[in-house]
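Listing of protein_20.csv, CSV, N, CA and C atoms
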```csv
chain,number,residue,atom,x,y,z
A,1,MET,N,1.6,-9.9,-15.4
A,1,MET,CA,0.9,-9.0,-14.5
A,1,MET,C,1.6,-9.1,-13.1
A,2,GLU,N,1.8,-7.9,-12.5
A,2,GLU,CA,2.4,-7.9,-11.2
A,2,GLU,C,1.5,-8.5,-10.1
A,3,GLN,N,2.1,-9.0,-9.1
A,3,GLN,CA,1.4,-9.5,-7.9
A,3,GLN,C,2.1,-9.0,-6.7
A,4,LEU,N,1.3,-8.8,-5.7
A,4,LEU,CA,1.9,-8.4,-4.4
A,4,LEU,C,2.4,-9.6,-3.6
A,5,SER,N,3.5,-9.4,-2.9
A,5,SER,CA,4.1,-10.4,-2.1
A,5,SER,C,3.2,-10.7,-0.9
A,6,ASP,N,3.3,-11.9,-0.4
A,6,ASP,CA,2.5,-12.3,0.8
A,6,ASP,C,3.0,-11.5,2.0
A,7,VAL,N,4.3,-11.2,2.0
A,7,VAL,CA,4.9,-10.5,3.1
A,7,VAL,C,4.3,-9.1,3.2
A,8,PHE,N,4.2,-8.4,2.0
A,8,PHE,CA,3.6,-7.1,2.0
A,8,PHE,C,2.1,-7.1,2.4
A,9,LYS,N,1.4,-8.1,1.8
A,9,LYS,CA,0.0,-8.2,2.1
A,9,LYS,C,-0.3,-8.5,3.6
A,10,ASN,N,0.5,-9.3,4.2
A,10,ASN,CA,0.4,-9.7,5.6
A,10,ASN,C,0.7,-8.5,6.4
A,11,ARG,N,1.8,-7.7,6.1
A,11,ARG,CA,2.2,-6.6,6.9
A,11,ARG,C,1.1,-5.5,6.9
A,12,ILE,N,0.5,-5.2,5.7
A,12,ILE,CA,-0.5,-4.2,5.6
A,12,ILE,C,-1.8,-4.7,6.3
A,13,SER,N,-2.1,-5.9,6.0
A,13,SER,CA,-3.4,-6.5,6.6
A,13,SER,C,-3.3,-6.6,8.1
A,14,ASN,N,-2.2,-6.7,8.7
A,14,ASN,CA,-2.0,-6.8,10.2
A,14,ASN,C,-1.8,-5.4,10.8
A,15,THR,N,-1.6,-4.4,10.0
A,15,THR,CA,-1.5,-3.1,10.6
A,15,THR,C,-2.8,-2.5,10.9
A,16,THR,N,-3.0,-2.0,12.1
A,16,THR,CA,-4.3,-1.4,12.5
A,16,THR,C,-4.2,0.1,12.7
A,17,ASP,N,-3.0,0.6,12.6
A,17,ASP,CA,-2.8,2.1,12.8
A,17,ASP,C,-3.0,2.8,11.4
A,18,VAL,N,-4.0,3.5,11.3
A,18,VAL,CA,-4.4,4.2,10.1
A,18,VAL,C,-3.3,5.2,9.7
A,19,LEU,N,-2.7,5.9,10.7
A,19,LEU,CA,-1.7,6.9,10.4
A,19,LEU,C,-0.4,6.2,9.8
A,20,GLU,N,-0.1,5.1,10.3
A,20,GLU,CA,1.0,4.3,9.8
A,20,GLU,C,0.8,3.9,8.3
A,21,LEU,N,-0.5,3.5,8.1
A,21,LEU,CA,-0.8,3.1,6.7
A,21,LEU,C,-0.8,4.3,5.8
A,22,LYS,N,-1.2,5.4,6.2
A,22,LYS,CA,-1.2,6.6,5.4
A,22,LYS,C,0.3,7.1,5.1
A,23,LYS,N,1.2,6.9,6.0
A,23,LYS,CA,2.6,7.1,5.8
A,23,LYS,C,3.1,6.2,4.7
A,24,GLU,N,2.8,4.9,4.8
A,24,GLU,CA,3.2,3.9,3.8
A,24,GLU,C,2.6,4.3,2.5
A,25,LEU,N,1.4,4.7,2.4
A,25,LEU,CA,0.8,5.1,1.2
A,25,LEU,C,1.5,6.3,0.5
A,26,LYS,N,1.9,7.3,1.3
A,26,LYS,CA,2.7,8.4,0.8
A,26,LYS,C,4.0,7.9,0.1
A,27,VAL,N,4.7,7.0,0.8
A,27,VAL,CA,5.9,6.5,0.3
A,27,VAL,C,5.7,5.8,-1.1
A,28,VAL,N,4.7,4.9,-1.1
A,28,VAL,CA,4.4,4.2,-2.3
A,28,VAL,C,4.0,5.1,-3.4
A,29,GLU,N,3.2,6.1,-3.1
A,29,GLU,CA,2.8,7.1,-4.1
A,29,GLU,C,4.0,7.9,-4.7
A,30,ARG,N,4.9,8.2,-3.8
A,30,ARG,CA,6.2,8.9,-4.3
A,30,ARG,C,6.9,8.0,-5.2
A,31,ILE,N,7.1,6.7,-4.9
A,31,ILE,CA,7.8,5.8,-5.7
A,31,ILE,C,7.1,5.6,-7.1
A,32,PHE,N,5.7,5.6,-7.0
A,32,PHE,CA,4.9,5.5,-8.2
A,32,PHE,C,5.2,6.7,-9.2
A,33,GLY,N,5.3,7.9,-8.6
A,33,GLY,CA,5.6,9.0,-9.4
A,33,GLY,C,7.0,9.2,-9.9
A,34,GLU,N,7.9,8.6,-9.2
A,34,GLU,CA,9.3,8.8,-9.5
A,34,GLU,C,9.9,7.7,-10.4
A,35,ASN,N,9.3,6.5,-10.3
A,35,ASN,CA,10.0,5.4,-10.9
A,35,ASN,C,9.0,4.6,-11.9
A,36,ALA,N,9.1,4.9,-13.1
A,36,ALA,CA,8.2,4.2,-14.1
A,36,ALA,C,8.4,2.7,-14.1
A,37,LYS,N,9.6,2.2,-13.8
A,37,LYS,CA,9.9,0.8,-13.8
A,37,LYS,C,9.0,0.0,-12.9
A,38,HIS,N,8.6,0.6,-11.7
A,38,HIS,CA,7.9,-0.1,-10.7
A,38,HIS,C,6.4,0.4,-10.6
A,39,ARG,N,6.0,1.1,-11.6
A,39,ARG,CA,4.7,1.8,-11.6
A,39,ARG,C,3.5,0.8,-11.4
A,40,SER,N,3.5,-0.3,-12.1
A,40,SER,CA,2.4,-1.3,-12.0
A,40,SER,C,2.3,-1.9,-10.6
A,41,GLU,N,3.5,-2.2,-10.0
A,41,GLU,CA,3.5,-2.8,-8.7
A,41,GLU,C,3.1,-1.8,-7.7
A,42,MET,N,3.5,-0.5,-7.8
A,42,MET,CA,3.1,0.5,-6.9
A,42,MET,C,1.6,0.8,-7.0
A,43,ALA,N,1.1,0.7,-8.2
A,43,ALA,CA,-0.4,0.9,-8.3
A,43,ALA,C,-1.2,-0.1,-7.5
A,44,LEU,N,-0.7,-1.3,-7.6
A,44,LEU,CA,-1.4,-2.4,-6.9
A,44,LEU,C,-1.3,-2.2,-5.4
A,45,LYS,N,-0.1,-1.7,-4.9
A,45,LYS,CA,0.1,-1.5,-3.5
A,45,LYS,C,-0.7,-0.3,-3.0
A,46,ILE,N,-0.9,0.7,-3.9
A,46,ILE,CA,-1.7,1.9,-3.5
A,46,ILE,C,-3.1,1.4,-3.3
A,47,VAL,N,-3.7,0.6,-4.2
A,47,VAL,CA,-5.1,0.2,-4.1
A,47,VAL,C,-5.2,-0.7,-2.8
A,48,PHE,N,-4.2,-1.6,-2.6
A,48,PHE,CA,-4.3,-2.5,-1.4
A,48,PHE,C,-4.3,-1.7,-0.1
A,49,ILE,N,-3.4,-0.7,0.0
A,49,ILE,CA,-3.3,0.1,1.2
A,49,ILE,C,-4.6,1.0,1.4
A,50,GLU,N,-5.1,1.6,0.3
A,50,GLU,CA,-6.3,2.4,0.4
A,50,GLU,C,-7.5,1.6,0.8
A,51,ASN,N,-7.6,0.3,0.3
A,51,ASN,CA,-8.7,-0.5,0.8
A,51,ASN,C,-8.6,-0.9,2.3
A,52,ARG,N,-7.3,-1.1,2.7
A,52,ARG,CA,-7.1,-1.4,4.2
A,52,ARG,C,-7.5,-0.2,5.0
A,53,ILE,N,-7.1,1.0,4.6
A,53,ILE,CA,-7.5,2.2,5.3
A,53,ILE,C,-9.0,2.4,5.4
A,54,LYS,N,-9.7,2.2,4.3
A,54,LYS,CA,-11.1,2.3,4.2
A,54,LYS,C,-11.8,1.3,5.2
A,55,GLU,N,-11.2,0.1,5.2
A,55,GLU,CA,-11.7,-1.0,6.1
A,55,GLU,C,-11.6,-0.6,7.5
A,56,LEU,N,-10.5,-0.1,7.9
A,56,LEU,CA,-10.3,0.4,9.3
A,56,LEU,C,-11.1,1.6,9.7
A,57,GLU,N,-11.3,2.5,8.8
A,57,GLU,CA,-12.0,3.7,9.0
A,57,GLU,C,-13.5,3.4,9.1
A,58,SER,N,-14.0,2.4,8.5
A,58,SER,CA,-15.4,2.1,8.5
A,58,SER,C,-15.8,1.3,9.8
A,59,LYS,N,-14.9,0.9,10.6
A,59,LYS,CA,-15.2,0.2,11.8
A,59,LYS,C,-15.6,1.1,12.9
```
What's the structure tokens form of this structure?
Amino acid sequence: MEQLSDVFKNRISNTTDVLELKKELKVVERIFGENAKHRSEMALKIVFIENRIKELESK
């Protein structure tokens, strides 16, 4: 099973700009759609980024 790197998790967790996170999300979603080889990793990243956005928007 794929796991997210600590570098990625720290970068997303430390980002407080929702617009920046949404840009990152669009990039990851594009990679998810274009590259089947990395689909499971990108799915994890999508969920992680979406959760961070929800966390920031609820504050």
Excluding same-chain residues fewer than 3 positions from range 15-29 of chain A, what lies within 10 Å of it counting only C-alpha atoms, as a count of residues only?
-> 23
Grab the atom C of Asn35 in chain A to atom N of Gln3 in chain A distance for me, in Å with one decimal place.
-> 15.5 Å
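We find atom C of Glu2 in chain A and atom N of Lys37 in chain A to be spaced 13.9 Å apart.
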